[in-house]
Each structure stands twice: as C-alpha cells, then as structure tokens.
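Undergrad: If you scroll down you'll find the structure; I have some questions about it.
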Amino acid sequence: MDLLLTLNLSISELVSPLTAAYILCAIGLSVHFGYTGLLNFGQAAFAAVGAYGMAIGVLTLKLPLLAAMGFALLCVVVFALILGIPTLRLRADYLAIVTIASAEVFRYLMSTSGFSEVTGGSNGLSQFGYEFYTWNPVPKGQYNLGLFTWTEEEVWLRLVAFSLVALSAVLVWLMMRSPWGRVMKGIREDEDAVRSLGKNVFWYKLQSLIIGGLFAGLGGIIFVIAMSNVQPSTWVTTFTFMIWTVLLLGGAATILGPIAGGMLFFVLLTLTNELLDGLRAIGWLPFLDQPQVAQIRFILIGLALMLLVVFRPQGIFGNKKELRFNA
Amino acid sequence: MPNDIVVGKAAPGCKKIDPIVVASNVTRQFGGNLAVNVEHLEIPRGKITALIGPNGAGKTTLFNLLTGFDKPNTGEWTFEGKNIAGVSSYKVARRGMIRTFQLTKSLNAMTVIENMRLGAQKQRGEGFFSSLFSFLWKGEEARITETADDLLKRFKLDAKREDYAGSLSGGQRKLLEMARALMSKPSLIMLDEPMAGVNPALTQSLLEHIKGLKAGGTTVLFVEHDMHMVRHISDWVIVMAEGKVVAEGEPNVVMKDQAVIDAYLGAHHDTDLGTMKKGK
Amino acid sequence: MNQLVASRVTRVGLLFAAVAVFFSALISGTGASAAPTSHTNISFHNTDPSVSQLIVGGTVKNDGKGVAGIKLHVTGQGFDDIATTDENGKWQLVVPTKQKYKVEIDLTSLPKGVGLRDPNVTVREADVSVTDTAAVLFPLGKSTRVIQSFGDQLTIRLFAGLNLGLLLAVAAIGISLIFGTTGLNNFAHGEMVSFGALMGYTFAVIFNLPLVVAGLLTILASAIFGYFQDAALWKPLRKRRVGLNQMMIVSIGLSIVIRYLLLIFFGGETKVLSGTFEAVKLGPIDTTMSTIWSMGLAVFTLAGVALFLTRTRIGKATRAVSDNSALAAASGIDVERIIRIVWVVAGGLTGLSGLLYGLQFQASWLTGSQILLLLFAAVTLGGLGTALGATVGALIIGFVVELSSLILPVDLKYAAALVILILVLLVRPQGVLGKKQRIG
C-alpha cells in the first residue's frame with residue numbers, strides 16, 4: 001500500500017469538482033432545512049432538474065451553454081413552484097414523503113423510454129458541455145500544484161466550481177444575517193408564532209424552497225459538466241441522503257458547515273476506502289474483495305448519518321442552542 | 001362606574017357602544033362536538049375584556065378562529081368594521097389584531113432581542129432582494145432595536161437581551177411573547193392565559209403593563225383562569241361554557257351570577273371555583 | 001418477570017405458528033414441496049473463471065432469411081443483458097455461469113406485419129448447465145398475434161394489482177403499526193423486506209430446506225431482526241428523547257447500512273427463489289400456483305392481524321397505544337412492551353411479505369428499497385397509523401401500479417402510484433380512512 005498515494009488521492013477530493021457539486025446541493029439544503037426547517041428529502045430532484053435542464057437546453061433547444069444554464073435555473077424555479085405551492089402547507093413529515101416521492105417521479109420520468117428522444121431515457125444524455133471549455137481563460141498546459149498535476153481544463157473546472165461555492169456561501173451569509181433570514185429562522189422554530197406576527201409564512205417557505213433549489217440546481221449543473229454526461233440513475237434517493245450527511249456533518253445552520261462537511265466527507269470516504277483496500281491488498285481483510293471494500297463506504301455513510309443525528313445534530317461547526325430538530 | 005360599554009342591559013351577546021370586534025353565528029365542530037357555538041359577540045374598544053370559562057369551554061378555539069388559525073364551520077366577524085372571516089392569520093395580524101398562545105411560542109433558538117425584532121411589521125429587510133443590501137435596512141433595524149430595547153426594559157427582560165429564548169423561565173417566555181406582540185403596536189391584543197406560569201413577583205408588574213396598554217389606547221382581550229387578575233384589571237367579562245357565551249357583564253356583577261357559578265361547577269368542582277372564592 | 005416474558009413469547013409465537021400452519025398446509029397440499037434443485041450449486045459470488053467461455057446464441061429467421069435488429073433479453077442468475085441480431089439474423093452473448101438462462105424476444109423490435117410463429121412463446125430457455133453453448137430459435141411468420149380485448153387486459157391487470165396490493169399490505173401493516181405506536185416514519189422498513197426475501201433464499205436455496213421450513217425460519221429470523229432493531233436502536237433513542245424527525249433520519253442511515261450489509265453478504269445479483277409451481281390459467285389470466293397460494297396466505301395473514309388487533313388483549317392494547325400512548329400508559333398499559341411486541345410482529349410480517357415477494361418476483365439487496373415508497377404511499381393513503389387503512393391503501397396502490405400500465409408505459413407504473421400519493425396528500429392529508437385531527 002502506497003500511503004502517499006492514498007493521502008494524495010484523499011486530498012484531491014478536497015478540490016474535486018464533484019465535491020463542489022455536493023457542497024452546492026448541501027448549501028441549498030442548509031437554506032431549506034438548516035435555516036427554514038423544511039424537511040426536503042428530494043434535493044436530488046432539484047439537482048437533476050438543473051442538470052437535465054441544461055443538457056436539454058443545449059441538445060434539444062439548441063441554446064448556447066450559458067443560456068441553457070439560465071434555462072436550467074428557470075426550470076428549477078418552476079419545479080420548486082410546482083412542488084411547493086401544494087405541499088408547503090403539509091405537516092413536516094408529510095413534506096418529507098412528498099418531496100422524496102416527487103424526486104422519484106421526476107427520475108422515472110427522465111428514464112422512461114417514452115421521452116427518450118429528449119431525455120435520453122435510461123442512457124441519459126451527453127455531449128452538451130463542450131462550450132464550457134471554450135470559455136477557458138487558463139492557457140493550455142500541465143499545471144503542477146505540488147500534490148497534483150492538472151490540465152488547463154481541470155484547473156478551469158475547479159476554478160468555476162469552487163468560485164460558485166464561495167459565491168453561494170457569501171449569498172447565504174448575506175441573506176441569513178438580514179431580517180429576511182430572521183423570519184426564516186423564526187419559521188424553523190415555530191411557524192405559527194411567526195404567522196401571528198404578521199409574516200406570510202407560506203411565501204417565505206416558498207422562497208426558501210426556490211432559493212435552496214437554485215443552489216442545488218447549480219450543483220447538478222457542475223456535477224454533470226464534471227461527469228460530461230447526465231444519467232437518471234445518479235439522482236436516486238441515496239444522492240439526497242449523501243447531501244444530508246454532508247450537511248449534518250458540517251452543521252445545518254452554518255455558513256461554512258456545508259463546505260467543510262463536504263470536503264471532510266469526501267476526504268474521509270476516499271481515505272477509508274483506500275486504507276481498507278490497501279489492507280485487503282496485503283491480505284489483512286481476507287473475507288472482502290475489491291468491490292465489497294467500495295461497498296463498505298456506503299455503510300460508513302449510513303453509520304455517520306445515524307451517529308451525527310443522534311450525538312451531534314448541530315454538526316461540527318453548529319451551535320447546539322441554534323439548531324435542534326423540532327419533532 | 002358609569003356605563004360606557006354596553007347598549008342597554010348586559011346580557012350574553014349584548015350590543016356594545018363602540019365594538020372593535022363583532023362576531024355572529026361562529027361555530028366550529030370537532031367530530032360530533034360543537035367546540036364553539038357563539039351566536040353573537042362584541043368586544044368593546046379600548047377596554048380590557050376577560051374571556052373566562054371552564055376548561056373545554058371553547059375559549060382558545062374561539063381565539064384560533066377569530067385570528068385565522070383555525071377555520072370555522074360557519075360564522076362571520078369583523079374587526080374595526082372590516083370583515084375578516086376567512087382571512088389568513090398573518091393578514092389578521094397585519095391589520096393590528098395580534099395574539100399570543102396558551103403554550104408559549106417563544107422562538108427558542110433565537111436570542112431575546114431577535115425575537116423582539118421579529119415582532120416589528122412591514123420591515124424592508126424582510127424582502128428577499130433588499131435583504132442582500134444592508135444599507136437598505138440598517139436604519140430601520142436600528143429604530144426597531146430601540147423600540148425593542150424599550151419594551152424589554154418595561155418587561156424587565158433587558159438583562160436577558162442576548163440570551164437564547166430557550167434559556168428563559170416559562171414566565172419570562174410569556175413576558176417575551178407579550179412584549180414581542182407589542183412590537184407592532186397592535187390595536188387589539190389577544191392574550192391566551194398571560195399569567196399561567198408567571199412568577200408571582202412579576203404578576204403585579206404584568207397587570208400594570210396590561211393596564212398601561214389600555215391607557216395607550218390598545219384594546220385587550222384575554223383568556224384567564226386567575227380570577228384575581230380578572231377582577232383586578234378587566235372592565236368587562238365574557239363567560240363561555242360548552243362553546244356558548246353564557247354570561248357577560250362587569251366583573252363584580254358577573255362573578256355573582258348564578259349561571260356563571262353553575263357553569264364552573266358543572267364542569268369543574270375544584271380549581272376554578274376555588275380561585276374564584278379566593279378572588280373575592 | 002420470566003413468566004411474563006414467557007407468556008409474551010407464547011402469544012407472539014402463536015400468531016406466527018398460526019401463519020406457519022397455514023403455510024405448511026398449503027404448500028404440502030400442492031405436492032410441490034421440493035425445493036428447486038437447479039440452484040443448489042450457486043455460491044455467493046458466482047463467477048467461476050476456470051470454466052471455458054459459455055455462449056448463448058441463435059438465429060432469428062423469417063421465411064428462411066435472417067432478420068436484423070431484433071432484440072433479445074437474456075437473464076439468469078446474476079446476469080442480465082440484451083443482444084441484437086446482425087444482418088444475417090444471428091445473435092450471441094457470452095454468459096458467466098453454467099445454468100439455465102431465459103431468453104425473451106422483444107416483440108416491439110419485430111418488423112411490421114411479422115410476428116412469432118408461435119405467438120404464445122416469447123420466452124425460451126437456454127441451458128448451458130451441461131454444454132458450453134446453447135442455441136435458441138424464435139421462428140417468425142405472419143403476425144398471428146391475437147390482440148387481447150380490453151376486458152381481458154383489464155382482468156389481467158386487476159388480478160396483478162390485487163396480488164401486488166396484498167403483498168404490499170402485509171409489509172405496510174408493519175410500517176403502520178410502528179408509526180402508530182412510536183410515531184416513527186421508518187425508512188429502514190424496505191430493508192426488512194429485502195431481509196425476508198434474502199433469508200428465504202438462504203434457507204430455501206442455499207440450505208436447500210423444504211419451502212415450508214424455509215418460510216417458517218424466515219419469519220422467525222425476521223421477527224428476531226425486528227426485536228433486535230428495537231432493542232438495540234430505537235428503544236435507547238426513545239429513552240434519550242430523540243425527536244421524531246431525527247429518528248426518521250436515523251432510520252435513513254440504518255437503511256443504508258443494512259442495504260449495503262446485505263449487498264456484501266449476498267452479492268449484487270438477483271436471486272431466483274421460485275419453486276417448481278405449475279402454471280394455472282384462470283380465464284384470460286396466466287399465473288402460477290405459487291401466486292395463488294401467496295395471495296391466499298396474504299389474505300389469511302391480514303385476517304389474522306385484524307383478529308389480533310380487535311380480539312386479543314395485546315391487540316387492543318396496541319390500538320390504545322396508537323390512539324394515545326400517554327392515555328394508554330396512564331391506564332396501566334406497558335407501552336414499551338407493546339412497542340416491543342409491535343416490532344416483533346412487524347418484523348415477522350414484513351419478512352413474510354419479503355419472502356412472498358421473492359417467491360413471485362425476485363430477491364435481491366434492492367428488493368425492499370424499490371418498494372419502500374410504495375409502502376409509504378400505501379400507509380399514507382390509508383391514513384397514517386391505522387392497520388386497516390394500510391391494507392386499503394396497499395390495495396389501492398397495487399391496483400394503481402398495475403392498471404396504470406393500461407395507459408402509461410410500464411416503466412412509469414411506480415411513478416403513477418407516487419403521483420396518486422401526492423395528489424391524495426394534497427386533497428386529504430389525513431388519508432382515505434384517517435380522521436381529521438383537532439388542531440391547537
């Protein structure tokens with residue numbers, strides 16, 4: 001086992017564009033759940049709407065990529081309205097079930113063969129992202145940054161992804177320190193109390209759903225540009241639950257929580273995977289084969305989720321007094 | 001006391017000289033039970049009115065209905081002459097009819113001062129786009145904070161300003177909720193059991209606050225079980241039992257009313273009558 | 001105390017014994033008690049590199065000429081692939097293990113006006129358990145496909161819907177009982193279905209036990225699994241006064257953990273568990289005895305649960321706890337004990353449904369998570385926390401799923417059920433049979 005390579009691989013997760021995509025989704029979920037208290041179990045759908053919106057915008061509507069991204073975000077807003085207007089009046093646990101069901105319905109619709117001319121069916125879509133690299137201002141070449149060597153395209157993708165993460169974090173910070181954010185936190189604590197003070201709770205929840213959804217939509221866009229394809233099987237419920245784990249790890253009602261949570265999550269995941277695989281390779285884990293070692297990662301995700309919720313619901317950065325789950 | 005409240009004789013559902021709330025035929029059914037069945041009810045403006053009755057009389061349900069937190073099966077009511085039946089709760093609050101809750105709804109994971117600031121209405125910084133630009137709402141925020149600090153001082157919560165509301169005692173939370181409701185300078189404040197759980201040392205000052213509200217022109221309607229408080233501060237008393245208004249009148253008169261004593265005895269032999277006697 | 005435990009165990013045991021007796025009576029009555037023998041050579045991970053290449057292939061001809069572009073779906077233990085014919089009508093696939101494969105011809109890929117010469121046979125067998133190659137032929141001819149009348153299709157779908165609804169009901173009652181008594185939305189319930197299905201596979205196929213015995217052991221193992229989940233996880237969390245939304249997220253974590261543990265232990269391939277049941281034709285409906293027995297068993301179990309809840313002391317206490325656990329506790333009911341029993345019963349029932357699901361469809365580590373949302377849909381539709389509601393909801397979902405394919409593409413049938421769930425929640429949040437709650 002090459003410890004240095006293991007470390008290197010793990011640390012590269014810190015700045016992987018996929019990590020940035022998950023972080024964006026988690027920032028969105030922090031607006032939903034951390035600040036407004038909405039139990040959204042369909043975050044995968046918001047990301048998927050963003051991803052498919054962009055891909056379909058380019059491939060079917062023949063839009064330029066930037067316009068397609070705009071179209072994708074518009075789709076996210078429409079999705080949030082369709083989902084939110086009828087459901088935001090429901091009890092919290094019903095909202096959880098409706099959002100998870102809606103996300104699955106969206107996924108089925110994307111993978112059904114009936115619409116495959118537009119959605120690509122179960123094969124998904126690809127070849128929509130070339131234009132992204134034509135914007136690349138980074139000169140051609142290999143960039144050696146100590147630990148990693150990246151091509152100009154890899155540098156550009158990471159630059160964009162993490163700029164979006166930074167921008168989103170600043171936006172959330174601006175929103176949440178304002179009186180608007182105060183209303184959101186009030187709704188998280190007790191929506192009837194906020195209603196009794198003359199605030200249109202329903203409208204605020206809808207705004208929260210839209211804004212958090214837009215961050216997730218951006219996350220979906222980054223995800224599929226990094227993967228250079230969009231497939232329906234990505235947006236399963238496990239995707240949503242990983243975002244929850246990321247968010248709860250860092251702290252749901254914090255600005256830096258989703259970022260630190262995302263980075264830590266993927267570094268730890270890769271680190272344990274590589275270590276276990278290394279142990280297996282030198283014969284210390286005779287009862288496991290290579291794919292099984294990869295499967296252990298999911299067991300760790302599940303365990304992390306359980307332990308976090310029970311023992312540290314406020315996350316690493318959260319203030320215990322600031323976030324508690326309202327049963 | 002000269003009669004400046006009622007037109008004619010005091011009776012259940014009687015007309016008032018200057019009503020702020022007028023409700024007719026309000027009913028609310030739960031299962032087969034009529035929890036509220038009020039034929040006619042008027043709340044006098046600028047007075048302190050107590051709503052009393054045994055547990056399960058429908059007082060809180062009536063509060064919920066009038067403030068839009070629950071939907072009636074039938075009924076019409078007006079506030080300041082305008083029909084507000086079927087109007088959403090937040091719009092009712094915006095019109096100046098603010099309520100508190102029996103089970104205190106302080107926002108526990110927010111500080112006391114943030115709770116207070118939330119009470120102010122029509123804040124520019126509560127709009128999404130203006131929230132991003134602090135210069136648009138900094139001035140307003142400072143004014144709101146000033147009002148909030150004033151109120152906190154009056155309610156002796158100023159020392160707790162930066163504490164989380166969740167760390168306050170039950171009584172302090174009641175006070176906070178009332179102070180928060182006053183942030184919007186309501187024309188009618190509806191208090192659901194404001195005294196429950198409040199430290200006896202604080203009750204006297206709380207009573208003074210409520211009287212002070214009246215002096216400031218705010219109408220007060222409150223639900224209370226503490227008959228001492230009812231007698232002490234209210235100008236008018238409305239008695240409910242089994243969803244209906246069974247008696248109305250000035251406190252001294254109503255509490256001697258046989259119907260009232262029956263209503264309490266019918267439902268509860270112990271607590272309520274006890275406090276009533278103590279009150280006398 | 002020991003006596004108490006003993007009596008509790010006997011009572012719970014009685015329920016399962018009753019189910020079990022019925023189960024055994026049914027299966028032995030059919031004379032089909034032999035476990036499938038063709039699967040006994042299957043190990044957990046069935047890729048054996050020492051075997052030379054195994055090939056399944058064939059030619060699709062119409063009037064002596066090969067037909068290009070025909071799709072053939074080949075499935076077997078741990079194998080699932082699609083082959084397409086070349087311009088000569090030839091196709092072939094390399095398959096991993098010595099076993100029997102099913103080859104299904106995709107009728108939609110046939111040219112217009114061309115059909116199977118034998119229209120009833122769309123699936124044929126390719127046996128490479130003895131030889132290394134197997135040829136499968138689908139002779140074509142003029143389309144003689146009889147288009148089923150709408151009435152026949154409807155009957156077939158209704159039957160399938162009833163079957164699915166009953167299977168879902170047995171599992172949904174478990175969710176409903178747990179939600180009713182503890183308030184927990186248990187997202188790990190799907191994994192209890194998978195557990196049942198895979199235990200069934202373990203006992204019936206790996207240990208090659210008679211189906212009756214395997215069924216009993218599956219129910220027992222699932223009930224113990226339910227008890228264990230409550231004792232090791234949920235009871236301590238209730239003691240800590242962890243909130244219900246928190247517990248819901250814990251159950252999500254648990255579902256991921258169990259799902260991947262099952263994957264590691266059983267491997268990713270789909271297991272075939274079905275016995276050698278004879279085919280049955282009921283009017284337009286083609287089915288097997290196993291389906292009919294499974295439906296009968298489900299009805300019997302549901303009736304048993306209904307009797308348990310309405311007639312027995314523990315059942316009545318369970319309903320009292322569901323209604324108002326504080327009041328139930330005040331009137332002397334040991335709420336924790338009821339919850340424990342509910343977990344055992346729910347575990348057993350869900351294991352049974354997993355077994356039946358595995359017998360009729362397939363068993364894999366994903367079996368449960370695929371139907372979890374349908375179960376939630378059933379429970380929510382009927383009104384959270386009522387066992388009767390869960391049954392009715394499950395039947396509705398079963399019918400919606402199967403009937404939807406009369407108008408919608410088959411791959412949207414689960415979506416149809418979820419859309420119905422969302423719509424019902426919007427119109428009637430308390431569910432079809434639930435009562436409106438008093439607010440405030």
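Ordering of the structure tokens sets the chain letters (A, B, ...); residue numbers start at 1 within each chain; ligands are numbered from 1 in the order shown.
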Within 8 Å of region 290-302 of chain A, counting only C-alpha atoms, which residues qualify if same-chain residues fewer than 6 places away don't, as an NGL selection string?
TA: (:A and (242 or 245 or 269 or 272-273 or 276-277 or 280)) or (:C and (252-258 or 260-261 or 263-264))
Undergrad: When the cut-off is 8 Å and we count only C-alpha atoms, which residues of chain B are near chain A, given as a PyMOL selection string?
TA: chain B and resi 89-94+98-100+105-110+114+118-121+123+125-128+131-134+164+181+184
Undergrad: Mind dumping a table of every region 330-421 of chain C residue within 12 Å of region 222-238 of chain A, with the nearest atom pair and its distance in Å to one decimal, using only C-alpha atoms, sorted by chain and rising number, as a tab-separated table?
TA:
residue	atom	partner	partner_atom	distance
C:Ser369	CA	A:Thr237	CA	9.8
C:Gln370	CA	A:Thr237	CA	10.7
C:Leu372	CA	A:Thr237	CA	11.3
C:Leu373	CA	A:Thr237	CA	10.6
Undergrad: Keeping only C-alpha atoms, take the residues you just selected and write them out as a short mmCIF file (atom, residue, chain, number, x, y, z; two decimals), in the first residue's frame.
TA:
data_model
loop_
_atom_site.label_atom_id
_atom_site.label_comp_id
_atom_site.auth_asym_id
_atom_site.auth_seq_id
_atom_site.Cartn_x
_atom_site.Cartn_y
_atom_site.Cartn_z
CA SER C 369 -35.81 -0.19 -1.22
CA GLN C 370 -37.52 -0.47 -4.60
CA LEU C 372 -40.32 1.31 0.11
CA LEU C 373 -42.02 4.35 -1.36
#
Undergrad: Show me which bits of chain A are within 7 Å of chain C, counting only C-alpha atoms, as a list in words.
TA: Pro86, Thr87, Val98, Ala101, Val105, Tyr108, Thr112, Gln292, Gln295, Phe298, Ile299, Gly302, Leu303, Leu305, Met306, Val309, Phe325, Asn326 and Ala327 of chain A
Undergrad: In Å to one decimal, how far is CA of Leu349 (chain C) from CA of Leu233 (chain C)?
TA: 19.9 Å
Undergrad: Show me, as number ranges by chain, the residues that have an atom within 9 Å of Leu41 (chain B) when counting only C-alpha atoms, minus same-chain residues fewer than 5 positions from it.
TA: B: 12-15, 21-25, 245
Undergrad: For region 50-53 of chain A, work out the shell of residues within 6 Å, counting only C-alpha atoms and skipping chain neighbours fewer than 5 positions away, then give it as an MDAnalysis selection string.
TA: chainID A and resid 72 217 220:221
Undergrad: Keeping C-alpha atoms, export the residues of the selection given above as a PDB file, in the first residue's frame.
TA:
ATOM      1  CA  ALA A  72     -31.968  25.137 -16.249  1.00  0.00           C
ATOM      2  CA  GLY A 217     -29.598  23.188  -9.475  1.00  0.00           C
ATOM      3  CA  GLY A 220     -26.415  19.490 -10.581  1.00  0.00           C
ATOM      4  CA  ILE A 221     -25.021  21.586 -13.423  1.00  0.00           C
TER       5      ILE A 221
END
Undergrad: Using only C-alpha atoms, determine which residues lie at most 12 Å from Thr134 (chain A), disregarding the query and same-chain residues fewer than 3 positions distant; provide the list as a list of chain:residue names.
TA: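 After dropping sequence-adjacent residues, the list is A:Pro64, A:Leu65, A:Leu66, A:Gly129, A:Tyr130, A:Glu131, A:Pro137, A:Val138, A:Pro139, A:Lys140, A:Glu152, A:Glu153, A:Trp156, A:Leu157.
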Undergrad: As a ChimeraX atom specification, please: all residues of region 108-197 of chain B that backbone DSSP puts in alpha helix (DSSP H).
TA: /B:112-119,128-131,138-154,170-182
Undergrad: Kindly give the distance, in Å, that separates CA of Val67 (chain C) and CA of Asp86 (chain C), rounded to a single decimal.
TA: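 A separation of 7.6 Å between them.
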Undergrad: Taking into account only C-alpha atoms, which residue in the set B:His232, B:Arg45, B:Lys138, B:Lys59 is nearest to chain C?
TA: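 When distances to chain C are compared using only C-alpha atoms, the smallest one comes from B:Lys59.
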Undergrad: Based on the backbone DSSP call, show me all residues of region 25-248 of chain C assigned strand (DSSP E or B), as a ChimeraX atom specification.
TA: /C:54-59,61-62,65-66,71-76,79-84,90-95,100-105,114-116,123-127,133-135,140-142
Undergrad: Restricting the calculation to only C-alpha atoms, which member of B:Leu213, B:Leu103, B:Ile189, B:Val220 is positioned closest to chain C?
TA: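 Closest to chain C, using only C-alpha atoms: B:Leu103.
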Undergrad: Record the distance separating CA of Asn37 (chain B) and CA of Asp70 (chain B), expressed in Å with one decimal.
TA: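 The value is 14.3 Å.
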Undergrad: Find the residues of chain B in contact range of chain C, meaning any atom within 10 Å when counting only C-alpha atoms, and list them as number ranges by chain.
TA: B: 29-31, 60-61, 64, 69-70, 101-103
Undergrad: Find the residues near Ser169 (chain B): any atom within 9 Å, counting only C-alpha atoms, skip ones fewer than 4 places away on the same chain, and give them as a short mmCIF file (atom, residue, chain, number, x, y, z; two decimals) with C-alpha atoms, in the first residue's frame.
TA:
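Written output follows (result.cif):
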data_model
loop_
_atom_site.label_atom_id
_atom_site.label_comp_id
_atom_site.auth_asym_id
_atom_site.auth_seq_id
_atom_site.Cartn_x
_atom_site.Cartn_y
_atom_site.Cartn_z
CA ALA B 165 -35.14 32.48 24.43
CA ARG B 173 -41.11 33.47 27.96
CA LYS B 174 -44.70 34.56 28.50
CA GLY B 197 -46.57 30.07 34.92
CA VAL B 198 -45.55 33.65 35.62
#
Undergrad: Fewer than 2 positions away in the same chain doesn't count, so skip those; otherwise give me all residues within 8 Å of Leu51 (chain B), counting only C-alpha atoms, as a PDB file with N, CA and C atoms, in the first residue's frame.
TA:
ATOM      1  N   THR B  49     -61.010  43.277  28.256  1.00  0.00           N
ATOM      2  CA  THR B  49     -62.084  42.305  28.363  1.00  0.00           C
ATOM      3  C   THR B  49     -61.487  40.945  28.715  1.00  0.00           C
ATOM      4  N   GLY B  53     -64.068  30.891  31.589  1.00  0.00           N
ATOM      5  CA  GLY B  53     -64.901  29.709  31.422  1.00  0.00           C
ATOM      6  C   GLY B  53     -64.109  28.482  31.791  1.00  0.00           C
ATOM      7  N   LYS B  59     -62.713  28.600  24.610  1.00  0.00           N
ATOM      8  CA  LYS B  59     -62.093  29.930  24.605  1.00  0.00           C
ATOM      9  C   LYS B  59     -60.929  29.999  23.630  1.00  0.00           C
ATOM     10  N   LEU B 221     -57.971  41.740  24.970  1.00  0.00           N
ATOM     11  CA  LEU B 221     -58.881  40.619  25.222  1.00  0.00           C
ATOM     12  C   LEU B 221     -58.020  39.497  25.756  1.00  0.00           C
ATOM     13  N   PHE B 222     -58.368  38.955  26.914  1.00  0.00           N
ATOM     14  CA  PHE B 222     -57.513  37.874  27.415  1.00  0.00           C
ATOM     15  C   PHE B 222     -58.317  36.729  28.005  1.00  0.00           C
ATOM     16  N   VAL B 223     -57.741  35.554  27.872  1.00  0.00           N
ATOM     17  CA  VAL B 223     -58.300  34.351  28.483  1.00  0.00           C
ATOM     18  C   VAL B 223     -57.541  34.137  29.775  1.00  0.00           C
ATOM     19  N   GLU B 224     -58.245  33.894  30.869  1.00  0.00           N
ATOM     20  CA  GLU B 224     -57.513  33.705  32.117  1.00  0.00           C
ATOM     21  C   GLU B 224     -58.302  32.833  33.069  1.00  0.00           C
ATOM     22  N   VAL B 237     -66.340  41.275  31.394  1.00  0.00           N
ATOM     23  CA  VAL B 237     -66.070  39.845  31.465  1.00  0.00           C
ATOM     24  C   VAL B 237     -67.077  39.093  30.599  1.00  0.00           C
ATOM     25  N   ILE B 238     -66.544  38.197  29.780  1.00  0.00           N
ATOM     26  CA  ILE B 238     -67.413  37.336  28.968  1.00  0.00           C
ATOM     27  C   ILE B 238     -67.179  35.909  29.440  1.00  0.00           C
ATOM     28  N   VAL B 239     -68.267  35.190  29.712  1.00  0.00           N
ATOM     29  CA  VAL B 239     -68.141  33.823  30.222  1.00  0.00           C
ATOM     30  C   VAL B 239     -68.604  32.840  29.161  1.00  0.00           C
ATOM     31  N   MET B 240     -67.751  31.867  28.886  1.00  0.00           N
ATOM     32  CA  MET B 240     -68.129  30.811  27.936  1.00  0.00           C
ATOM     33  C   MET B 240     -68.243  29.484  28.653  1.00  0.00           C
TER      34      MET B 240
END
